[in-house]
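Structure record follows, encoded as structure tokens.
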Amino acid sequence: MTEVSTVVSADGTKIEYDRRGAGAPLILIGGAVNDRTTVAGLAEALDGYTTIAYDRRGRGDSGDAETYSVDREVEDLAALIEHVGGSAHVFGHSSGAVLALEAASRGLPIDRVAAYEPPYIVDGSRPRPADDLVDRVRAALDAGDCDEAVTLFLVEGTDTPAEVVAGMRTAPVWGWFTALAHTLPYDLTICGPGNHLPASLAEIKVPTLVIGGGASPAWMPAAARAAAEAVPGGVYHTLEGQDHGVLQHPKTLLPLLTDFYG
């Protein structure tokens, strides 16, 4: 049974979430052009935990503020953790993984943090996005061109080949992407200019698991491995046969996550 509820963040923004199951609280954080429905399958599969799947600010049924700040997103997560009992496990996917690791580095009361393919770029494994990408995405959004904003994000931000993106523009998923395009600057901001591996990972003091997909483009598991190595005591694992779309196959994550969270 799913309980839909709301928590109020430090700046007064309402954050909507789905709560289901029983057991240790486990907060699930989706990535770019995602809302809480994207992690719903994983939440349902993790039936040994009290799972919290929430809409990050600006998405789904959550509120937003006039200006975006990573600090506010960390405060949203802090409010959820406080609401569910004062501490929690956390799982993040993609830019949600970056948020999870950032929150852990800041000392939020996180018991254990697992991160799937945080999109850092290491070892020259792919070209870095230009530092002005977030400004150009915002400019496209200000001009009302959500198609261009999503295209810029995918081609330059995620290194998706332009011909693949051209094909995506005729697919049903494109409407989902453009509906959430206004939040793309948030994801680009939290990843930082050039998607560099942050030095703050060394500040994480809780057990940390970082996962890369064995079928993902090489730069993604390379980033996951580097992130795990940057965290004191961090553990890296390759999930064979899976790529960045692992949330479409949530049961493949269960053995890893249940073993890690206990």
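Note on naming: chains are A, B, ... as they come in the structure tokens, residues start from 1 per chain, ligands start from 1 in the order shown.
Counting only C-alpha atoms, Val155 in chain A has the following residues at most 12 Å away, ignoring those fewer than 3 positions along the same chain: Arg126, Pro127, Arg128, Pro129, Ala130, Leu133, Val137, Glu148, Ala149, Val150, Thr151, Leu152, Thr158, Asp159, Thr160, Pro161, Ala162, Glu163, Val164, Val165, Ala166 and Met168 of chain A.
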Quick one: write out the picked residues with N, CA, C and O atoms as a short mmCIF file (atom, residue, chain, number, x, y, z; two decimals), in the first residue's frame?
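Output below, filename selection-v9.cif:
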```
data_model
loop_
_atom_site.label_atom_id
_atom_site.label_comp_id
_atom_site.auth_asym_id
_atom_site.auth_seq_id
_atom_site.Cartn_x
_atom_site.Cartn_y
_atom_site.Cartn_z
N ARG A 126 35.43 10.87 -22.10
CA ARG A 126 34.53 11.51 -23.06
C ARG A 126 34.76 13.02 -22.98
O ARG A 126 35.33 13.51 -21.99
N PRO A 127 34.36 13.79 -23.98
CA PRO A 127 34.52 15.24 -23.88
C PRO A 127 33.70 15.80 -22.73
O PRO A 127 32.57 15.35 -22.47
N ARG A 128 34.26 16.77 -22.04
CA ARG A 128 33.50 17.45 -20.99
C ARG A 128 32.50 18.43 -21.62
O ARG A 128 32.81 19.07 -22.62
N PRO A 129 31.32 18.58 -21.02
CA PRO A 129 30.41 19.63 -21.50
C PRO A 129 31.06 21.00 -21.32
O PRO A 129 31.82 21.22 -20.37
N ALA A 130 30.76 21.91 -22.22
CA ALA A 130 31.27 23.27 -22.09
C ALA A 130 30.72 23.92 -20.82
O ALA A 130 29.60 23.61 -20.39
N LEU A 133 27.17 25.39 -20.87
CA LEU A 133 26.03 24.58 -21.28
C LEU A 133 24.78 24.93 -20.50
O LEU A 133 23.70 25.08 -21.07
N VAL A 137 21.22 26.13 -22.10
CA VAL A 137 19.96 25.42 -21.85
C VAL A 137 18.93 26.38 -21.28
O VAL A 137 17.76 26.38 -21.68
N GLU A 148 14.95 22.24 -27.98
CA GLU A 148 16.36 22.58 -28.06
C GLU A 148 17.06 22.38 -26.72
O GLU A 148 18.20 21.91 -26.66
N ALA A 149 16.37 22.71 -25.62
CA ALA A 149 16.95 22.53 -24.29
C ALA A 149 17.27 21.06 -24.04
O ALA A 149 18.36 20.71 -23.56
N VAL A 150 16.32 20.18 -24.36
CA VAL A 150 16.54 18.75 -24.14
C VAL A 150 17.64 18.23 -25.06
O VAL A 150 18.50 17.44 -24.64
N THR A 151 17.64 18.69 -26.30
CA THR A 151 18.66 18.25 -27.25
C THR A 151 20.06 18.64 -26.78
O THR A 151 20.99 17.83 -26.80
N LEU A 152 20.22 19.88 -26.34
CA LEU A 152 21.50 20.32 -25.82
C LEU A 152 21.94 19.47 -24.64
O LEU A 152 23.10 19.05 -24.55
N THR A 158 25.07 14.55 -21.86
CA THR A 158 25.16 13.11 -21.62
C THR A 158 25.92 12.37 -22.71
O THR A 158 26.04 11.15 -22.63
N ASP A 159 26.40 13.09 -23.71
CA ASP A 159 27.19 12.50 -24.79
C ASP A 159 26.39 11.50 -25.62
O ASP A 159 26.93 10.55 -26.18
N THR A 160 25.08 11.72 -25.70
CA THR A 160 24.23 10.89 -26.56
C THR A 160 24.42 11.33 -28.01
O THR A 160 24.33 12.53 -28.30
N PRO A 161 24.70 10.42 -28.93
CA PRO A 161 24.92 10.82 -30.32
C PRO A 161 23.74 11.61 -30.89
O PRO A 161 22.57 11.29 -30.60
N ALA A 162 24.04 12.63 -31.67
CA ALA A 162 23.00 13.50 -32.21
C ALA A 162 21.97 12.73 -33.02
O ALA A 162 20.77 13.04 -32.98
N GLU A 163 22.41 11.70 -33.77
CA GLU A 163 21.47 10.94 -34.58
C GLU A 163 20.51 10.13 -33.71
O GLU A 163 19.35 9.91 -34.06
N VAL A 164 20.99 9.69 -32.54
CA VAL A 164 20.12 8.98 -31.61
C VAL A 164 19.08 9.93 -31.04
O VAL A 164 17.89 9.61 -30.94
N VAL A 165 19.51 11.14 -30.68
CA VAL A 165 18.58 12.14 -30.16
C VAL A 165 17.55 12.51 -31.22
O VAL A 165 16.36 12.67 -30.91
N ALA A 166 17.98 12.62 -32.48
CA ALA A 166 17.03 12.94 -33.55
C ALA A 166 15.93 11.89 -33.63
O ALA A 166 14.75 12.21 -33.84
N MET A 168 14.94 10.03 -31.10
CA MET A 168 14.14 10.14 -29.88
C MET A 168 13.07 11.21 -29.99
O MET A 168 12.01 11.12 -29.36
#
```
Running DSSP on the backbone, which parts of range 21-50 of chain A land in alpha helix (DSSP H), as a PDB file with N, CA and C atoms, in the first residue's frame?
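Result saved to part21.pdb:
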```pdb
ATOM      1  N   ALA A  40       9.534   4.263  -8.798  1.00  0.00           N
ATOM      2  CA  ALA A  40       8.431   3.530  -8.167  1.00  0.00           C
ATOM      3  C   ALA A  40       8.626   2.022  -8.269  1.00  0.00           C
ATOM      4  N   GLY A  41       9.144   1.548  -9.401  1.00  0.00           N
ATOM      5  CA  GLY A  41       9.372   0.111  -9.551  1.00  0.00           C
ATOM      6  C   GLY A  41      10.393  -0.406  -8.560  1.00  0.00           C
ATOM      7  N   LEU A  42      11.455   0.368  -8.343  1.00  0.00           N
ATOM      8  CA  LEU A  42      12.463  -0.025  -7.369  1.00  0.00           C
ATOM      9  C   LEU A  42      11.882   0.024  -5.958  1.00  0.00           C
ATOM     10  N   ALA A  43      11.070   1.035  -5.680  1.00  0.00           N
ATOM     11  CA  ALA A  43      10.442   1.145  -4.361  1.00  0.00           C
ATOM     12  C   ALA A  43       9.572  -0.071  -4.072  1.00  0.00           C
ATOM     13  N   GLU A  44       8.826  -0.509  -5.073  1.00  0.00           N
ATOM     14  CA  GLU A  44       7.953  -1.675  -4.903  1.00  0.00           C
ATOM     15  C   GLU A  44       8.774  -2.947  -4.706  1.00  0.00           C
ATOM     16  N   ALA A  45       9.886  -3.042  -5.435  1.00  0.00           N
ATOM     17  CA  ALA A  45      10.717  -4.245  -5.322  1.00  0.00           C
ATOM     18  C   ALA A  45      11.390  -4.349  -3.958  1.00  0.00           C
TER      19      ALA A  45
END
```
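Counting only C-alpha atoms, Ala104 in chain A has the following residues at most 8 Å away, ignoring those fewer than 3 positions along the same chain: Ala100, Leu101, Gly107, Leu108, Pro109, Ile110, Val113, Ile204, Lys205 and Val206 of chain A.
Each of A:Pro119, A:Gly92, A:Gly144, A:Pro198 was compared to Asn34 in chain A using only C-alpha atoms, and A:Gly92 turns out to be the nearest.
The closest residue to Thr51 in chain A, picked from A:Val4, A:Val70, A:Ala10, A:Leu247 and counting only C-alpha atoms, is A:Val4.
With only C-alpha atoms as the atoms that count, the minimum distance from Ser62 in chain A to the choices A:Thr13, A:Asn195, A:Ser125, A:Thr238 is reached by A:Thr13.
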